[in-house]
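Engineer: Below is the file structure-v8.cif, with mmCIF, C-alpha atoms.
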data_structure
loop_
_atom_site.group_PDB
_atom_site.id
_atom_site.type_symbol
_atom_site.label_atom_id
_atom_site.label_comp_id
_atom_site.auth_asym_id
_atom_site.auth_seq_id
_atom_site.Cartn_x
_atom_site.Cartn_y
_atom_site.Cartn_z
ATOM 1 C CA LEU A 39 -31.281 8.693 -65.600
ATOM 2 C CA VAL A 40 -30.194 7.062 -62.373
ATOM 3 C CA SER A 41 -28.218 3.844 -62.040
ATOM 4 C CA ARG A 42 -26.909 1.940 -59.049
ATOM 5 C CA THR A 43 -24.807 -1.226 -59.008
ATOM 6 C CA LEU A 44 -26.466 -3.623 -56.564
ATOM 7 C CA LEU A 45 -24.053 -6.537 -56.908
ATOM 8 C CA GLN A 46 -20.669 -7.001 -58.521
ATOM 9 C CA THR A 47 -18.618 -10.185 -58.678
ATOM 10 C CA GLU A 48 -15.684 -11.309 -60.799
ATOM 11 C CA ASN A 49 -18.042 -12.588 -63.536
ATOM 12 C CA SER A 50 -21.275 -10.627 -63.177
ATOM 13 C CA ARG A 51 -22.883 -7.324 -62.285
ATOM 14 C CA VAL A 52 -26.472 -6.378 -61.393
ATOM 15 C CA VAL A 53 -27.482 -2.746 -61.988
ATOM 16 C CA LEU A 54 -30.757 -0.969 -61.186
ATOM 17 C CA PHE A 55 -31.728 1.784 -63.665
ATOM 18 C CA GLY A 56 -34.390 4.472 -63.279
ATOM 19 C CA PHE A 57 -35.571 6.545 -66.266
ATOM 20 C CA ALA A 58 -37.828 9.591 -66.458
ATOM 21 C CA GLU A 59 -40.386 9.621 -69.270
ATOM 22 C CA GLY A 60 -38.650 10.441 -72.562
ATOM 23 C CA GLN A 61 -35.133 9.664 -71.404
ATOM 24 C CA GLU A 62 -33.079 7.365 -73.582
ATOM 25 C CA LEU A 63 -29.846 5.486 -73.937
ATOM 26 C CA THR A 64 -28.570 5.696 -77.494
ATOM 27 C CA GLU A 65 -27.515 2.569 -79.361
ATOM 28 C CA HIS A 66 -24.524 0.788 -77.856
ATOM 29 C CA THR A 67 -23.180 -2.741 -77.321
ATOM 30 C CA THR A 68 -21.685 -4.809 -74.522
ATOM 31 C CA VAL A 69 -19.276 -7.735 -74.731
ATOM 32 C CA GLN A 70 -21.222 -9.497 -71.981
ATOM 33 C CA HIS A 71 -24.446 -11.509 -71.875
ATOM 34 C CA ALA A 72 -27.232 -9.265 -70.588
ATOM 35 C CA VAL A 73 -30.762 -9.759 -69.251
ATOM 36 C CA ILE A 74 -33.099 -6.882 -68.492
ATOM 37 C CA GLN A 75 -36.223 -7.112 -66.369
ATOM 38 C CA ILE A 76 -38.743 -4.271 -66.347
ATOM 39 C CA LEU A 77 -39.716 -3.468 -62.738
ATOM 40 C CA THR A 78 -42.014 -0.451 -63.250
ATOM 41 C CA GLY A 79 -43.404 1.505 -66.206
ATOM 42 C CA GLU A 80 -42.823 0.940 -69.922
ATOM 43 C CA CYS A 81 -40.126 1.455 -72.548
ATOM 44 C CA ASP A 82 -39.310 1.007 -76.213
ATOM 45 C CA PHE A 83 -36.288 -1.233 -76.537
ATOM 46 C CA SER A 84 -34.420 -1.766 -79.786
ATOM 47 C CA LEU A 85 -32.295 -4.921 -80.113
ATOM 48 C CA THR A 86 -30.312 -5.288 -83.369
ATOM 49 C CA GLY A 87 -32.781 -2.887 -84.968
ATOM 50 C CA LYS A 88 -35.884 -4.844 -83.935
ATOM 51 C CA PRO A 89 -38.315 -2.882 -81.712
ATOM 52 C CA HIS A 90 -39.718 -4.337 -78.482
ATOM 53 C CA GLN A 91 -42.366 -2.608 -76.366
ATOM 54 C CA LEU A 92 -41.634 -3.719 -72.809
ATOM 55 C CA LYS A 93 -43.755 -3.348 -69.670
ATOM 56 C CA VAL A 94 -43.712 -4.432 -66.027
ATOM 57 C CA GLY A 95 -42.623 -8.062 -65.672
ATOM 58 C CA ASP A 96 -41.137 -8.391 -69.172
ATOM 59 C CA MET A 97 -37.627 -9.776 -69.571
ATOM 60 C CA LEU A 98 -35.295 -9.603 -72.565
ATOM 61 C CA TYR A 99 -32.023 -11.437 -73.230
ATOM 62 C CA MET A 100 -29.261 -9.689 -75.163
ATOM 63 C CA PRO A 101 -26.358 -11.753 -76.515
ATOM 64 C CA PRO A 102 -22.888 -10.179 -76.446
ATOM 65 C CA ASN A 103 -22.096 -7.558 -79.104
ATOM 66 C CA CYS A 104 -25.738 -6.906 -80.127
ATOM 67 C CA PRO A 105 -26.541 -3.231 -80.685
ATOM 68 C CA HIS A 106 -29.352 -2.020 -78.434
ATOM 69 C CA ALA A 107 -31.023 1.217 -77.309
ATOM 70 C CA VAL A 108 -33.835 2.152 -74.936
ATOM 71 C CA THR A 109 -36.368 5.001 -74.676
ATOM 72 C CA ALA A 110 -38.670 5.486 -71.687
ATOM 73 C CA THR A 111 -42.282 5.787 -72.873
ATOM 74 C CA THR A 112 -43.286 6.326 -69.229
ATOM 75 C CA GLN A 113 -41.203 6.678 -66.089
ATOM 76 C CA PHE A 114 -39.717 3.206 -65.666
ATOM 77 C CA SER A 115 -37.117 1.132 -63.875
ATOM 78 C CA MET A 116 -35.253 -1.968 -64.959
ATOM 79 C CA LEU A 117 -32.809 -4.430 -63.545
ATOM 80 C CA LEU A 118 -29.819 -5.216 -65.774
ATOM 81 C CA THR A 119 -27.832 -8.397 -65.161
ATOM 82 C CA LEU A 120 -24.505 -8.701 -67.000
ATOM 83 C CA SER A 121 -22.497 -11.949 -67.185
ATOM 84 C CA LYS A 122 -19.088 -12.464 -68.725
ATOM 85 C CA PRO A 123 -18.986 -15.124 -71.466
ATOM 86 C CA ALA A 124 -17.369 -18.419 -70.458
ATOM 87 C CA LYS A 125 -13.673 -18.680 -71.295
ATOM 88 C CA ASN A 126 -12.749 -21.408 -73.764
#
As structure tokens, what does this structure read like?
Structural biologist:
Amino acid sequence: LVSRTLLQTENSRVVLFGFAEGQELTEHTTVQHAVIQILTGECDFSLTGKPHQLKVGDMLYMPPNCPHAVTATTQFSMLLTLSKPAKN
């Protein structure tokens, strides 16, 4: 698993991830809004227990505090964009 932060500001971060086939990130959460975009390959993505089979060009929005996990079904890469929730 390889990751590289491409952009970081006070309110957001953009991270490029690369996975080998079979690699996974176990279930976790983030307090930020998140959008993933699949750049290459395919993965199985679980969001609040619901499975999603994602491929090149697919995007998925994850609200804050939603449990999610990912498993690479092929070698794949994704772009993760995190945004802090607006302050009230």
Engineer: Quick one: residues within 7 Å of Met100 of chain A, all atoms listed in the file, excluding same-chain residues fewer than 5 positions away - as a PyMOL selection string?
Structural biologist: chain A and resi 71-73
Engineer: For segment 115-124 of chain A, please output as a PyMOL selection string all residues within 7 Å (counting only C-alpha atoms; exclusion window: fewer than 2 positions along the same chain).
Structural biologist: chain A and resi 49-57+70-79+126
Engineer: Calculate how many Å separate atom CA of Val108 of chain A from atom CA of Lys88 of chain A, rounding to one decimal.
Structural biologist: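 These atoms are spaced 11.6 Å apart.
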Engineer: Using all atoms listed in the file, which residue out of A:Thr111, A:His106, A:Val69, A:Glu62 lies closest to Pro89 of chain A?
Structural biologist: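 Answer, going by the shortest atom-to-atom distance: A:His106.
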Engineer: Taking the file as I've supplied it (selection: the PyMOL selection byres ((chain A and resi 84) around 12)), which residues are included? Please answer as a list in words.
Structural biologist: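 This file, filtered by the PyMOL selection byres ((chain A and resi 84) around 12), leaves Glu62, Leu63, Thr64, Glu65, His66, Thr67, Cys81, Asp82, Phe83, Leu85, Thr86, Gly87, Lys88, Pro89, His90, Gln91, Leu92, Leu98, Tyr99, Met100, Cys104, Pro105, His106, Ala107, Val108, Thr109 and Ala110 of chain A.
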Engineer: Out of A:Leu45, A:Glu80, A:Val94, A:Lys125, which residue has the shortest atom-to-atom distance to Ala58 of chain A when counting all atoms listed in the file?
Structural biologist: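 Distance minimum relative to Ala58 of chain A lands on A:Glu80.
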